[in-house]
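Containing mmCIF, C-alpha atoms: coords_38.cif.
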data_start
loop_
_atom_site.label_atom_id
_atom_site.label_comp_id
_atom_site.auth_asym_id
_atom_site.auth_seq_id
_atom_site.Cartn_x
_atom_site.Cartn_y
_atom_site.Cartn_z
CA MET A 17 -44.47 3.71 -58.78
CA ALA A 18 -41.24 5.69 -59.11
CA ARG A 19 -39.83 6.28 -62.57
CA VAL A 20 -36.25 7.41 -63.23
CA ILE A 21 -36.28 10.63 -65.23
CA THR A 22 -33.88 10.36 -68.16
CA PRO A 23 -31.51 13.10 -69.33
CA ALA A 24 -33.36 13.31 -72.67
CA GLU A 25 -36.38 14.71 -70.78
CA PHE A 26 -34.39 17.87 -70.00
CA GLN A 27 -33.38 18.89 -73.51
CA SER A 28 -36.10 21.42 -74.34
CA GLU A 29 -35.29 25.12 -74.73
CA ASP A 30 -38.16 25.98 -72.36
CA THR A 31 -35.96 26.42 -69.30
CA ILE A 32 -38.70 28.03 -67.22
CA ALA A 33 -41.14 25.15 -67.79
CA LEU A 34 -38.41 22.62 -67.05
CA ALA A 35 -37.59 24.42 -63.79
CA ARG A 36 -41.24 24.33 -62.69
CA SER A 37 -41.50 20.67 -63.68
CA LEU A 38 -38.81 19.72 -61.14
CA LEU A 39 -41.03 20.69 -58.22
CA GLY A 40 -42.36 17.55 -56.56
CA LYS A 41 -39.79 15.30 -58.23
CA ALA A 42 -37.52 13.22 -56.02
CA LEU A 43 -33.85 14.13 -55.82
CA VAL A 44 -32.15 10.82 -55.10
CA ARG A 45 -28.60 10.53 -53.77
CA THR A 46 -26.97 7.13 -53.38
CA THR A 47 -23.66 6.79 -51.54
CA ASP A 48 -21.86 4.05 -49.65
CA ARG A 49 -24.09 5.07 -46.71
CA GLY A 50 -27.25 4.22 -48.64
CA ARG A 51 -30.03 6.04 -50.44
CA MET A 52 -31.42 9.47 -49.56
CA GLU A 53 -34.53 10.82 -51.25
CA TYR A 54 -36.10 14.27 -50.93
CA LEU A 55 -38.90 15.97 -52.86
CA ILE A 56 -37.73 19.11 -54.65
CA THR A 57 -39.52 22.18 -53.26
CA GLU A 58 -37.49 25.14 -54.58
CA VAL A 59 -35.59 25.86 -57.79
CA GLU A 60 -34.24 28.80 -59.82
CA ALA A 61 -33.92 28.96 -63.61
CA TYR A 62 -30.89 30.35 -65.49
CA ASP A 63 -31.56 30.67 -69.19
CA GLY A 64 -28.72 31.07 -71.66
CA GLU A 65 -26.05 33.61 -72.50
CA SER A 66 -28.49 36.53 -72.67
CA ASP A 67 -29.49 35.97 -69.01
CA LEU A 68 -26.99 38.18 -67.18
CA ALA A 69 -27.52 36.20 -63.96
CA CYS A 70 -26.49 32.97 -65.71
CA HIS A 71 -22.86 31.87 -65.46
CA ALA A 72 -22.88 31.43 -69.24
CA SER A 73 -23.55 35.14 -69.80
CA LYS A 74 -19.78 35.57 -70.30
CA GLY A 75 -19.71 32.75 -72.86
CA ARG A 76 -17.85 29.45 -72.75
CA THR A 77 -15.24 29.14 -70.06
CA LYS A 78 -13.62 26.18 -68.36
CA ARG A 79 -16.20 26.56 -65.56
CA THR A 80 -19.27 26.88 -67.81
CA GLU A 81 -18.38 24.29 -70.46
CA ILE A 82 -20.64 21.78 -68.68
CA MET A 83 -23.62 24.10 -69.27
CA TYR A 84 -23.17 23.74 -73.05
CA GLN A 85 -23.74 19.98 -72.92
CA ALA A 86 -27.13 18.49 -73.73
CA GLY A 87 -29.48 18.65 -70.76
CA GLY A 88 -29.49 15.98 -68.11
CA VAL A 89 -26.06 16.44 -66.54
CA TRP A 90 -25.13 18.03 -63.22
CA TYR A 91 -23.37 21.39 -62.98
CA VAL A 92 -21.80 21.64 -59.53
CA TYR A 93 -19.73 24.63 -58.50
CA LEU A 94 -18.34 26.27 -55.38
CA CYS A 95 -20.08 29.48 -54.27
CA TYR A 96 -18.32 32.09 -52.13
CA GLY A 97 -15.54 29.55 -51.53
CA ILE A 98 -17.82 27.76 -49.04
CA HIS A 99 -20.91 26.06 -50.47
CA GLU A 100 -21.27 23.59 -53.32
CA MET A 101 -24.28 24.35 -55.52
CA VAL A 102 -26.03 21.70 -57.62
CA ASN A 103 -27.75 22.58 -60.89
CA LEU A 104 -29.35 20.41 -63.50
CA VAL A 105 -28.22 21.41 -66.99
CA VAL A 106 -31.27 21.71 -69.25
CA GLY A 107 -31.77 22.44 -72.91
CA PRO A 108 -30.26 21.13 -76.12
CA LYS A 109 -26.52 20.88 -76.71
CA ASN A 110 -24.86 24.31 -77.02
CA TYR A 111 -27.75 26.09 -75.29
CA PRO A 112 -26.37 26.89 -71.81
CA ALA A 113 -29.19 26.76 -69.31
CA ALA A 114 -29.48 25.24 -65.85
CA VAL A 115 -31.81 24.93 -62.89
CA LEU A 116 -30.37 25.49 -59.42
CA ILE A 117 -31.90 23.18 -56.86
CA ARG A 118 -32.41 25.40 -53.80
CA GLY A 119 -34.48 23.15 -51.56
CA ALA A 120 -35.72 19.59 -51.16
CA GLY A 121 -37.80 18.23 -48.30
CA GLU A 122 -36.65 19.80 -45.07
CA LEU A 123 -33.33 20.78 -46.69
CA ILE A 124 -33.84 24.51 -47.20
CA GLY A 125 -30.99 26.33 -48.92
CA PRO A 126 -28.72 25.06 -51.68
CA GLY A 127 -25.63 24.85 -49.45
CA ARG A 128 -27.41 22.84 -46.76
CA LEU A 129 -28.86 20.56 -49.41
CA THR A 130 -25.51 19.71 -51.00
CA LYS A 131 -23.82 19.28 -47.62
CA ARG A 132 -26.49 16.86 -46.35
CA LEU A 133 -26.55 14.89 -49.61
CA GLN A 134 -22.75 14.83 -49.90
CA ILE A 135 -22.85 16.52 -53.30
CA ASP A 136 -19.59 18.04 -54.44
CA ARG A 137 -17.75 18.93 -57.64
CA LYS A 138 -16.89 15.28 -58.26
CA LEU A 139 -20.43 15.11 -59.72
CA ASN A 140 -19.82 18.06 -62.06
CA GLY A 141 -20.61 16.82 -65.58
CA ALA A 142 -22.06 13.49 -64.39
CA ALA A 143 -25.25 12.28 -66.04
CA ALA A 144 -28.39 12.56 -63.91
CA LEU A 145 -28.73 8.79 -63.78
CA PRO A 146 -28.65 6.26 -60.93
CA GLU A 147 -25.16 5.12 -61.99
CA SER A 148 -23.74 8.56 -61.10
CA GLY A 149 -25.14 8.42 -57.57
CA LEU A 150 -27.42 11.43 -58.16
CA HIS A 151 -30.61 11.30 -60.20
CA LEU A 152 -34.25 12.33 -60.32
CA GLU A 153 -37.38 10.23 -60.02
CA ASP A 154 -40.98 10.98 -60.88
CA LEU A 155 -43.21 9.68 -58.09
CA GLY A 156 -46.39 10.71 -59.87
CA ILE A 157 -46.90 13.83 -57.76
CA GLU A 158 -48.72 16.55 -59.65
CA VAL A 159 -47.85 20.08 -58.56
CA LEU A 160 -50.66 22.38 -59.60
CA ARG A 161 -49.51 25.68 -61.08
CA ASN A 162 -51.64 27.69 -58.65
CA ARG A 163 -49.74 26.02 -55.78
CA ILE A 164 -46.38 27.31 -57.03
CA LYS A 165 -45.01 30.53 -55.53
CA THR A 166 -43.02 32.57 -58.05
CA SER A 167 -40.48 35.22 -57.05
CA PRO A 168 -37.20 36.82 -58.19
CA ARG A 169 -34.00 34.81 -57.96
CA ILE A 170 -31.78 35.27 -54.92
CA GLY A 171 -28.34 36.89 -54.87
CA VAL A 172 -28.18 38.04 -58.50
CA ASP A 173 -28.31 41.83 -58.10
CA TYR A 174 -25.04 42.01 -60.07
CA ALA A 175 -27.06 41.12 -63.20
CA GLY A 176 -28.89 44.45 -63.15
CA PRO A 177 -32.56 45.11 -62.37
CA LEU A 178 -33.99 43.52 -65.52
CA TRP A 179 -32.38 40.15 -64.85
CA ALA A 180 -32.31 40.27 -61.04
CA LYS A 181 -36.08 40.77 -60.92
CA LYS A 182 -37.00 37.96 -63.32
CA PRO A 183 -39.59 35.81 -61.50
CA TRP A 184 -37.66 32.61 -62.14
CA ARG A 185 -37.55 31.24 -58.61
CA PHE A 186 -40.23 28.62 -57.98
CA GLN A 187 -41.32 27.15 -54.65
CA CYS A 188 -44.06 24.83 -53.48
CA ASP A 189 -45.26 23.90 -50.01
CA LEU A 190 -44.80 20.19 -49.24
CA GLY A 191 -48.30 20.15 -47.74
CA LYS A 192 -49.75 21.53 -50.98
CA LEU A 193 -48.06 19.42 -53.60
CA THR A 194 -50.87 17.42 -55.12
CA SER A 195 -54.25 18.06 -56.61
CA GLY A 196 -55.78 16.26 -53.65
CA SER A 197 -54.49 18.87 -51.17
#

Serialized structure, structure tokens:
Amino acid sequence: MARVITPAEFQSEDTIALARSLLGKALVRTTDRGRMEYLITEVEAYDGESDLACHASKGRTKRTEIMYQAGGVWYVYLCYGIHEMVNLVVGPKNYPAAVLIRGAGELIGPGRLTKRLQIDRKLNGAAALPESGLHLEDLGIEVLRNRIKTSPRIGVDYAGPLWAKKPWRFQCDLGKLTSGS
């Protein structure tokens, strides 16, 4: 049975563990056209001001203020003037960390995902709850750690080799999600 994941469940400082925990969870978008649900298959972690690939590495700005809220809200921004990107803010209040949702179901790529799910900056700062129209559900799918592919994040070379090569991108194969696979 599906269980709505509450914002309080995303307020740990263990950003990397929280990122991994999103794999296999359902990303649920509800609009006037109905409900869309996709299992999350790819994420990237961004962990605080010391992470030079994280938007918060420059400190608090108008753009990053959302990241300083307590975990469980959406951080949506425009990338390259073209694609909306959706991140789940994680961590306690004043600890700016987020997880970029890069893929869900057959929606591969963060820009394709947000376009298909009609996610835009109107959701920036909204709570990850059904009332906002975008939330997460736990369907009871267990993603085994040995089924998770870990690699460096994409498109963050500007952060320098130490941060660009952090293995904080996590992927799982839909056919290999559960312990029964």

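As for atom CA of A:Gly176 and atom CA of A:Val92, they are spaced 24.2 Å apart.
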
(message) Could you tell me, as number ranges by chain, exactly which residues end up selected when the PyMOL selection byres ((chain A and resi 113) around 10) is applied to this structure?
(response) A: 27, 29-32, 61-65, 67, 70-72, 82-87, 103-112, 114-115

(request) Take atom CA of A:Arg49 and atom CA of A:Glu100 and report the distance between them in Å, one decimal. (result) 19.9 Å

(request) Quick one: residues within 8 Å of (-20.8, 22.6, -60.1) (file frame), counting only C-alpha atoms, please, as a list in words. (result) Trp90, Tyr91, Val92, Tyr93, Leu94, Glu100, Met101, Val102, Asn103, Asp136, Arg137, Leu139, Asn140 and Gly141 of chain A

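Going from atom CA of A:Lys131 to atom CA of A:Met52 covers 12.6 Å.
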
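With distances taken over all atoms listed in the file, A:Val89 is the one residue among A:Asp154, A:Ile21, A:Thr77, A:Val89 lying closest to A:Ala142.
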
(message) Between A:Ala35, A:Leu129, A:Leu68, A:Ile135, which residue has the minimum interatomic distance to A:Tyr174, considering only C-alpha atoms?
(response) A:Leu68

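Considering the residues A:Arg185, A:Arg19, A:Lys74, A:Arg45 and counting only C-alpha atoms, A:Thr130 has its shortest atom-to-atom contact with A:Arg45.
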